[in-house]
Each structure stands twice: as structure tokens, then as C-alpha cells.
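Peer 1: Submitted below is the structure of interest, expressed as C-alpha cells.
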Amino acid sequence: MRRWFAFALCLLFVSMTAHPAASQDLKIAAVVNDDIITVIDLLVRTRVAMVASHVPDTVENRQRLSGLVLRSLIDEHLKTQAAKSQGVTVEEADVTARLNALAQQNNITLEEFKKRLAASGILIDSLADQFRADIAWQVVVRKRFRNAATVSRKDIDDELAQIKENEGKPEYLVGEIFLPVYAPSDSAAVEATGKDLMSQLEQGANFNDLAQQFSQSPTASTGGILGWLRADQLDAGMRNAVTAMTKGQITGPIQTSGGYSILTLLDQRIAASDQVDEKAVADRLTTQRLDTLARGYLSDLRTQAFVDIRQ
């Protein structure tokens, strides 16, 4: 396969040399194992991300976000490769459902959403590919970590005891945009990217929209919502920030386990134990475990992969 890939790259180079007009569009932005991400792929996805997250399409914004979009594309290819190697396929009905949900968030029909994208020079296929990779990844994670994420009766009882013990204490409804750091040498660049996203939020960008496009966490599909959490359930890096925030505030990037996070406090309440839904408790514990395992698995894939960034 590697030999075939090298041969294909040679053919691509010859083709680009013979047709200079096409060379810019086919210029390689990154190589991910046996996959190529072209400059045109990066430009299209950057535009999709800006339109979907309602970020003004300016040269400055494109430059600020292109690095993050490229990181997202690399991770997307790794997820797709993992799904393919494990025989995971995605039903088109599931992709359409995600597209419909996004259109509804914008208070328009899917057809109107397609027209709006087309008016911006974007085919909805680009967004569909993104959702397809995300759905496939969710299947991979559930299959791979089904046993490791299983919640026992004791786990539920222990959590119920914690809820009872913390009755009357604050709980926080938190949103997160998570940006992973795969190697120590990447830390400064990731933090800088987080600052770029923070500047977009300060200029009025919607947190949920940015989370859906840029967060590298399984919660991205729900706009980055982590759910109701007590202080003791928060990542150590988040705890001081969240407990000091007021409702509606956004802060970050702050260093958390495995990367940097931008956080928002959506709401706050006093914990009560008289109306606890055991199924909701079990679902939340499972989701938290899958999130942690998925982050670790993607980090391992990135560490083991051949990634050559040229852009």
C-alpha cells in the first residue's frame, strides 16, 4: 500500500507539473497515512466551518482558523481510517438527520440550508462528509470500548451516594470547546488557536456553533454541552475556572487534561437528590467514560500515524 501511495504521489506531481493551472488546487496541505488533504480541501472546509458557525468570511478569519481546520481534517481522516479498518459503515439516513438538525438550528429547512450554502459557493457534500466521519467515529468508540465503559450497579449506587452527600451544593451546566495537544511541542500552537477562537466568541460568534465545528470531543455534536456537573466531577484544570464563573460567561483557553479548553457556564443550580433519575445517572457516567476513552484513542491514533503537514 505504501509503495502504491508513493507511486500515486509521483503521478500527482507529474500531473500538476503538466497542468500548472491545476497545481494550486491540487497542492498538498497534509498527508495522513495514505490519505492526501489538498489545499482546496482545506479552503473548502474552512469556508464551510465559517458559514456553519456564522463567523464573518474575512481574510483575517480564514488565516486564523485555517490551522485549526487543518487539525480537524487530519483527525477526521484518522477517524475515517479507523472506521474503515474496522468495517464500520454509516447509514445515509443518519447523515441526513444530522444535516436536518443543523438546518433546524438555523430555523430553516434542509433545502433552504443547501441553497444558503450554495450561495456561499459550498456544496452540502462537504458538510455531509464531516458528519459522516463523526458518526462513524461514534460507532467505532462504542464498539471498541463497550466493555470498558459499562456502568455497574455499584457505579450507579456510588454516584447516587455522591449526589446525596452533595445535596444543597452548586451544580454547573458547562459547555466546552476542547482542543487536544498530541505532543508537548504542539502546546503553544494549540493555545494560540484557542485564543483565536476566543477572539471570535468575544466578537459575538455562537459558542455552540463553534463547538460543533471545532471542538475535538464527542460532545461537539451537541454543541459542546457537558451536562450538569458538580465541582468534584470537573477536570482539575476546569474546576477553579468554572466555580468562579457567572452564568453566560466564557473563559479560556485553559489547560486541561490532554489539551486546552474554552468553557462557558450555561446555568447553575443547587443540587437536589429527591428526584434523581437512575437511568440519566447511568447514561451520564457512560458518556463521560466514552469521552475519556475516545480522547485517548484518538491521541494514540495521531501519535502512531504518519502525518506530514505542509501548509
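Going through the C-alpha cells in order, the chains are called A, B, and so on, while each chain numbers its residues from 1 and the ligands are numbered from 1 in the order shown.
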Can you list, as a list in words, every protein, DNA or RNA residue that comes within 12 Å of Ile36 of chain A when you count only C-alpha atoms, leaving out same-chain residues fewer than 3 positions away?

Peer 2: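 Skipping anything fewer than 3 positions along the chain leaves Phe5, Ala6, Ala8, Leu9, Leu12, Leu26, Lys27, Ile28, Ala29, Ala30, Val31, Val32, Asn33, Val39, Ile40, Asp41, Leu42, Leu70, Leu73, Ile74, His77, Leu78, Phe306, Val307, Asp308, Ile309 and Arg310 of chain A.
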
Peer 1: Store the residues picked out above, limited to N, CA, C and O atoms, as a tab-separated table (two decimals), in the first residue's frame.

Peer 2:
chain	number	residue	atom	x	y	z
A	5	PHE	N	1.07	4.16	-2.76
A	5	PHE	CA	0.82	5.55	-2.39
A	5	PHE	C	1.93	6.45	-2.92
A	5	PHE	O	1.67	7.53	-3.46
A	6	ALA	N	3.18	6.00	-2.78
A	6	ALA	CA	4.30	6.80	-3.29
A	6	ALA	C	4.20	6.97	-4.80
A	6	ALA	O	4.47	8.04	-5.34
A	8	ALA	N	1.43	6.90	-6.53
A	8	ALA	CA	0.32	7.82	-6.80
A	8	ALA	C	0.76	9.27	-6.61
A	8	ALA	O	0.36	10.16	-7.38
A	9	LEU	N	1.58	9.52	-5.60
A	9	LEU	CA	2.07	10.88	-5.37
A	9	LEU	C	2.93	11.34	-6.55
A	9	LEU	O	2.87	12.51	-6.96
A	12	LEU	N	0.66	12.28	-9.30
A	12	LEU	CA	0.03	13.56	-9.00
A	12	LEU	C	0.98	14.71	-9.28
A	12	LEU	O	0.61	15.72	-9.88
A	26	LEU	N	-4.43	21.45	-6.41
A	26	LEU	CA	-4.02	20.11	-6.01
A	26	LEU	C	-2.81	20.13	-5.09
A	26	LEU	O	-2.31	19.06	-4.72
A	27	LYS	N	-2.32	21.29	-4.72
A	27	LYS	CA	-1.19	21.38	-3.80
A	27	LYS	C	-1.56	20.69	-2.50
A	27	LYS	O	-2.67	20.82	-1.99
A	28	ILE	N	-0.62	19.95	-1.95
A	28	ILE	CA	-0.89	19.14	-0.77
A	28	ILE	C	-0.74	19.99	0.50
A	28	ILE	O	0.29	20.63	0.72
A	29	ALA	N	-1.79	19.97	1.32
A	29	ALA	CA	-1.73	20.66	2.61
A	29	ALA	C	-1.21	19.73	3.70
A	29	ALA	O	-0.51	20.16	4.62
A	30	ALA	N	-1.57	18.44	3.60
A	30	ALA	CA	-1.11	17.47	4.59
A	30	ALA	C	-1.29	16.06	4.04
A	30	ALA	O	-2.14	15.82	3.18
A	31	VAL	N	-0.48	15.16	4.55
A	31	VAL	CA	-0.60	13.73	4.24
A	31	VAL	C	-0.88	13.02	5.56
A	31	VAL	O	-0.19	13.25	6.57
A	32	VAL	N	-1.91	12.16	5.55
A	32	VAL	CA	-2.30	11.42	6.75
A	32	VAL	C	-2.29	9.94	6.41
A	32	VAL	O	-3.21	9.44	5.75
A	33	ASN	N	-1.24	9.25	6.79
A	33	ASN	CA	-1.03	7.86	6.38
A	33	ASN	C	-1.10	7.79	4.86
A	33	ASN	O	-0.27	8.39	4.19
A	39	VAL	N	-4.90	21.58	-0.67
A	39	VAL	CA	-5.16	22.97	-0.28
A	39	VAL	C	-6.62	23.33	-0.55
A	39	VAL	O	-7.25	24.02	0.25
A	40	ILE	N	-7.16	22.82	-1.66
A	40	ILE	CA	-8.56	23.13	-1.96
A	40	ILE	C	-9.49	22.49	-0.93
A	40	ILE	O	-10.51	23.05	-0.54
A	41	ASP	N	-9.13	21.27	-0.43
A	41	ASP	CA	-9.90	20.64	0.65
A	41	ASP	C	-9.92	21.56	1.87
A	41	ASP	O	-10.97	21.76	2.50
A	42	LEU	N	-8.75	22.10	2.18
A	42	LEU	CA	-8.63	22.97	3.35
A	42	LEU	C	-9.42	24.26	3.17
A	42	LEU	O	-10.13	24.70	4.08
A	70	LEU	N	-7.35	22.56	9.59
A	70	LEU	CA	-6.45	21.51	9.11
A	70	LEU	C	-6.28	20.43	10.17
A	70	LEU	O	-6.30	19.23	9.86
A	73	LEU	N	-9.34	18.35	10.05
A	73	LEU	CA	-9.35	17.47	8.88
A	73	LEU	C	-8.43	16.27	9.09
A	73	LEU	O	-8.77	15.14	8.69
A	74	ILE	N	-7.29	16.50	9.69
A	74	ILE	CA	-6.37	15.39	9.98
A	74	ILE	C	-7.03	14.39	10.92
A	74	ILE	O	-7.02	13.17	10.67
A	77	HIS	N	-9.68	12.38	9.10
A	77	HIS	CA	-9.12	11.30	8.29
A	77	HIS	C	-8.72	10.11	9.17
A	77	HIS	O	-8.93	8.95	8.79
A	78	LEU	N	-8.15	10.40	10.33
A	78	LEU	CA	-7.78	9.32	11.25
A	78	LEU	C	-9.02	8.55	11.72
A	78	LEU	O	-9.00	7.31	11.80
A	306	PHE	N	1.38	8.41	10.37
A	306	PHE	CA	2.31	9.22	9.58
A	306	PHE	C	1.56	10.48	9.16
A	306	PHE	O	0.62	10.41	8.36
A	307	VAL	N	1.92	11.61	9.73
A	307	VAL	CA	1.27	12.88	9.43
A	307	VAL	C	2.33	13.87	8.98
A	307	VAL	O	3.27	14.17	9.73
A	308	ASP	N	2.19	14.37	7.77
A	308	ASP	CA	3.13	15.33	7.20
A	308	ASP	C	2.36	16.60	6.85
A	308	ASP	O	1.60	16.63	5.87
A	309	ILE	N	2.50	17.63	7.67
A	309	ILE	CA	1.80	18.90	7.45
A	309	ILE	C	2.67	19.80	6.60
A	309	ILE	O	3.80	20.12	6.97
A	310	ARG	N	2.14	20.24	5.48
A	310	ARG	CA	2.93	21.05	4.53
A	310	ARG	C	2.38	22.45	4.36
A	310	ARG	O	2.95	23.25	3.64

Peer 1: Extract, using only C-alpha atoms, all DNA, RNA and protein residues at most 10 Å from segment 246-260 of chain A, discarding same-chain residues fewer than 4 positions from it, and format them as a VMD selection string.

Peer 2: chain A and resid 172 to 184 186 to 187 190 to 198 201 to 202 207 216 235 to 239 241 to 242 264 to 268 292 295 to 296 299

Peer 1: To one decimal place in Å, what is the distance between atom CA of Arg142 of chain A and atom CA of Leu290 of chain A?

Peer 2: 7.4 Å

Peer 1: Select, from A:Val281, A:Ala118, A:Val151, A:Val140, the residue with the minimum atom-to-atom distance to Lys84 of chain A, counting only C-alpha atoms.

Peer 2: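 When distances to Lys84 of chain A are compared using only C-alpha atoms, the smallest one comes from A:Val140.
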
Peer 1: When you look at Thr96 of chain A with a cut-off of 10 Å (counting only C-alpha atoms), what residues show up, excluding the ones that are within fewer than 6 positions of it in the same chain? I need them as a list in words.

Peer 2: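 The residues satisfying every condition are Leu102, Leu110, Ala128, Phe131 and Arg132 of chain A.
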
Peer 1: Identify which of the residues A:Asp34, A:Asp57, A:Glu112, A:Asp134 lies closest to Ala83 of chain A, counting only C-alpha atoms when measuring atom-to-atom distances.

Peer 2: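 Distance minimum relative to Ala83 of chain A lands on A:Asp134.
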
Peer 1: Could you check how far atom CA of Arg230 of chain A sits from atom CA of Pro170 of chain A, in Å to one decimal?

Peer 2: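 Distance between the two atoms: 6.6 Å.
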
Peer 1: Please report the interatomic distance between atom CA of Val48 of chain A and atom CA of Phe214 of chain A in Å with one decimal.

Peer 2: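 Here the two named atoms are 11.5 Å from each other.
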
Peer 1: Of the residues A:Leu65, A:Leu234, A:Leu210, A:Ala136, which is the one nearest to Leu43 of chain A, using only C-alpha atoms?

Peer 2: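 Of A:Leu65, A:Leu234, A:Leu210, A:Ala136, the one nearest Leu43 of chain A is A:Leu65, counting only C-alpha atoms.
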
Peer 1: Of the candidates A:Ala294, A:Ile122, A:Ala305, A:Ala280, which shows the shortest atom-to-atom distance to Phe145 of chain A, using only C-alpha atoms?

Peer 2: A:Ala294

Peer 1: When distances are computed from only C-alpha atoms, which of A:Asp155, A:Asn206, A:Ala82, A:Asp291 shows the smallest separation from Thr219 of chain A?

Peer 2: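 The closest residue to Thr219 of chain A is A:Asp291.
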
Peer 1: Step one, run DSSP on the backbone; step two, keep only residues of segment 62-203 of chain A assigned to strand (DSSP E); then write them as an mmCIF file with all heavy atoms, in the first residue's frame.

Peer 2:
data_model
loop_
_atom_site.group_PDB
_atom_site.id
_atom_site.type_symbol
_atom_site.label_atom_id
_atom_site.label_comp_id
_atom_site.auth_asym_id
_atom_site.auth_seq_id
_atom_site.Cartn_x
_atom_site.Cartn_y
_atom_site.Cartn_z
ATOM 1 N N PRO A 170 -23.644 23.570 44.840
ATOM 2 C CA PRO A 170 -23.869 24.013 43.457
ATOM 3 C C PRO A 170 -23.596 22.917 42.425
ATOM 4 O O PRO A 170 -22.712 22.073 42.605
ATOM 5 C CB PRO A 170 -22.870 25.166 43.281
ATOM 6 C CG PRO A 170 -22.465 25.548 44.660
ATOM 7 C CD PRO A 170 -22.552 24.309 45.488
ATOM 8 N N GLU A 171 -24.351 22.951 41.336
ATOM 9 C CA GLU A 171 -24.091 22.162 40.138
ATOM 10 C C GLU A 171 -24.000 23.125 38.966
ATOM 11 O O GLU A 171 -24.668 24.174 38.957
ATOM 12 C CB GLU A 171 -25.204 21.139 39.882
ATOM 13 C CG GLU A 171 -25.216 19.970 40.839
ATOM 14 C CD GLU A 171 -26.274 18.941 40.458
ATOM 15 O OE1 GLU A 171 -27.354 19.344 39.987
ATOM 16 O OE2 GLU A 171 -26.021 17.741 40.633
ATOM 17 N N TYR A 172 -23.196 22.764 37.976
ATOM 18 C CA TYR A 172 -22.898 23.675 36.874
ATOM 19 C C TYR A 172 -23.219 23.010 35.537
ATOM 20 O O TYR A 172 -22.807 21.868 35.288
ATOM 21 C CB TYR A 172 -21.421 24.067 36.909
ATOM 22 C CG TYR A 172 -20.974 24.599 38.264
ATOM 23 C CD1 TYR A 172 -20.450 23.731 39.236
ATOM 24 C CD2 TYR A 172 -21.087 25.950 38.584
ATOM 25 C CE1 TYR A 172 -20.048 24.200 40.472
ATOM 26 C CE2 TYR A 172 -20.682 26.432 39.831
ATOM 27 C CZ TYR A 172 -20.173 25.554 40.774
ATOM 28 O OH TYR A 172 -19.781 26.023 42.001
ATOM 29 N N LEU A 173 -23.938 23.740 34.680
ATOM 30 C CA LEU A 173 -24.186 23.272 33.313
ATOM 31 C C LEU A 173 -23.127 23.916 32.434
ATOM 32 O O LEU A 173 -23.129 25.124 32.195
ATOM 33 C CB LEU A 173 -25.581 23.683 32.845
ATOM 34 C CG LEU A 173 -25.996 23.186 31.452
ATOM 35 C CD1 LEU A 173 -25.966 21.665 31.374
ATOM 36 C CD2 LEU A 173 -27.394 23.701 31.088
ATOM 37 N N VAL A 174 -22.193 23.085 31.969
ATOM 38 C CA VAL A 174 -20.970 23.587 31.338
ATOM 39 C C VAL A 174 -20.923 23.213 29.863
ATOM 40 O O VAL A 174 -21.314 22.106 29.465
ATOM 41 C CB VAL A 174 -19.721 23.012 32.046
ATOM 42 C CG1 VAL A 174 -18.432 23.541 31.426
ATOM 43 C CG2 VAL A 174 -19.763 23.330 33.540
ATOM 44 N N GLY A 175 -20.443 24.165 29.044
ATOM 45 C CA GLY A 175 -20.144 23.900 27.645
ATOM 46 C C GLY A 175 -18.639 23.975 27.438
ATOM 47 O O GLY A 175 -17.949 24.772 28.097
ATOM 48 N N GLU A 176 -18.119 23.134 26.534
ATOM 49 C CA GLU A 176 -16.667 23.080 26.333
ATOM 50 C C GLU A 176 -16.325 22.989 24.846
ATOM 51 O O GLU A 176 -16.965 22.262 24.089
ATOM 52 C CB GLU A 176 -16.088 21.846 27.039
ATOM 53 C CG GLU A 176 -14.586 21.645 26.826
ATOM 54 C CD GLU A 176 -14.103 20.269 27.233
ATOM 55 O OE1 GLU A 176 -14.858 19.279 27.094
ATOM 56 O OE2 GLU A 176 -12.947 20.186 27.694
ATOM 57 N N ILE A 177 -15.308 23.729 24.445
ATOM 58 C CA ILE A 177 -14.644 23.536 23.152
ATOM 59 C C ILE A 177 -13.265 22.982 23.491
ATOM 60 O O ILE A 177 -12.447 23.674 24.105
ATOM 61 C CB ILE A 177 -14.513 24.845 22.360
ATOM 62 C CG1 ILE A 177 -15.901 25.414 22.034
ATOM 63 C CG2 ILE A 177 -13.723 24.623 21.062
ATOM 64 C CD1 ILE A 177 -15.869 26.789 21.378
ATOM 65 N N PHE A 178 -13.033 21.722 23.120
ATOM 66 C CA PHE A 178 -11.795 21.048 23.510
ATOM 67 C C PHE A 178 -10.839 20.958 22.332
ATOM 68 O O PHE A 178 -11.203 20.504 21.246
ATOM 69 C CB PHE A 178 -12.096 19.645 24.026
ATOM 70 C CG PHE A 178 -10.859 18.846 24.356
ATOM 71 C CD1 PHE A 178 -10.068 19.199 25.430
ATOM 72 C CD2 PHE A 178 -10.485 17.750 23.580
ATOM 73 C CE1 PHE A 178 -8.922 18.479 25.742
ATOM 74 C CE2 PHE A 178 -9.348 17.027 23.873
ATOM 75 C CZ PHE A 178 -8.560 17.387 24.962
ATOM 76 N N LEU A 179 -9.601 21.373 22.554
ATOM 77 C CA LEU A 179 -8.549 21.329 21.538
ATOM 78 C C LEU A 179 -7.417 20.459 22.069
ATOM 79 O O LEU A 179 -6.726 20.835 23.027
ATOM 80 C CB LEU A 179 -8.026 22.749 21.248
ATOM 81 C CG LEU A 179 -9.085 23.797 20.887
ATOM 82 C CD1 LEU A 179 -8.432 25.176 20.770
ATOM 83 C CD2 LEU A 179 -9.790 23.424 19.597
ATOM 84 N N PRO A 180 -7.211 19.281 21.486
ATOM 85 C CA PRO A 180 -6.201 18.356 22.026
ATOM 86 C C PRO A 180 -4.775 18.779 21.719
ATOM 87 O O PRO A 180 -4.503 19.416 20.706
ATOM 88 C CB PRO A 180 -6.549 17.035 21.326
ATOM 89 C CG PRO A 180 -7.179 17.451 20.033
ATOM 90 C CD PRO A 180 -7.923 18.722 20.325
#

Peer 1: Set the distance at 7 Å and use only C-alpha atoms: which residues neighbour Ala133 of chain A once local chain neighbours fewer than 5 positions away are removed? I'd like the list as JSON, numbers by chain.

Peer 2: {"A": [76, 79, 80]}

Peer 1: Restricting the output to all heavy atoms, write the selected residues as a PDB file, in the first residue's frame.

Peer 2:
ATOM      1  N   GLU A  76     -10.184  13.986  11.332  1.00  0.00           N
ATOM      2  CA  GLU A  76     -11.299  13.385  10.598  1.00  0.00           C
ATOM      3  C   GLU A  76     -10.817  12.215   9.745  1.00  0.00           C
ATOM      4  O   GLU A  76     -11.475  11.163   9.682  1.00  0.00           O
ATOM      5  CB  GLU A  76     -11.963  14.443   9.725  1.00  0.00           C
ATOM      6  CG  GLU A  76     -13.208  13.977   9.001  1.00  0.00           C
ATOM      7  CD  GLU A  76     -13.840  15.102   8.216  1.00  0.00           C
ATOM      8  OE1 GLU A  76     -14.086  16.165   8.812  1.00  0.00           O
ATOM      9  OE2 GLU A  76     -14.078  14.918   7.004  1.00  0.00           O
ATOM     10  N   LYS A  79     -10.085   9.280  12.000  1.00  0.00           N
ATOM     11  CA  LYS A  79     -11.331   8.639  12.425  1.00  0.00           C
ATOM     12  C   LYS A  79     -11.914   7.779  11.309  1.00  0.00           C
ATOM     13  O   LYS A  79     -12.363   6.651  11.537  1.00  0.00           O
ATOM     14  CB  LYS A  79     -12.349   9.713  12.849  1.00  0.00           C
ATOM     15  CG  LYS A  79     -11.981  10.470  14.106  1.00  0.00           C
ATOM     16  CD  LYS A  79     -12.957  11.604  14.366  1.00  0.00           C
ATOM     17  CE  LYS A  79     -12.594  12.397  15.610  1.00  0.00           C
ATOM     18  NZ  LYS A  79     -13.529  13.537  15.828  1.00  0.00           N
ATOM     19  N   THR A  80     -11.909   8.332  10.092  1.00  0.00           N
ATOM     20  CA  THR A  80     -12.445   7.600   8.946  1.00  0.00           C
ATOM     21  C   THR A  80     -11.616   6.355   8.659  1.00  0.00           C
ATOM     22  O   THR A  80     -12.166   5.289   8.348  1.00  0.00           O
ATOM     23  CB  THR A  80     -12.485   8.513   7.703  1.00  0.00           C
ATOM     24  OG1 THR A  80     -13.310   9.654   7.983  1.00  0.00           O
ATOM     25  CG2 THR A  80     -13.058   7.784   6.501  1.00  0.00           C
TER      26      THR A  80
END

Peer 1: Residues of segment 47-286 of chain A classed as alpha helix (DSSP H) by DSSP on the backbone are to be reported as a VMD selection string.

Peer 2: chain A and resid 47 to 52 59 to 85 92 to 105 110 to 119 124 to 144 153 to 165 187 to 202 207 to 214 236 to 244 278 to 286
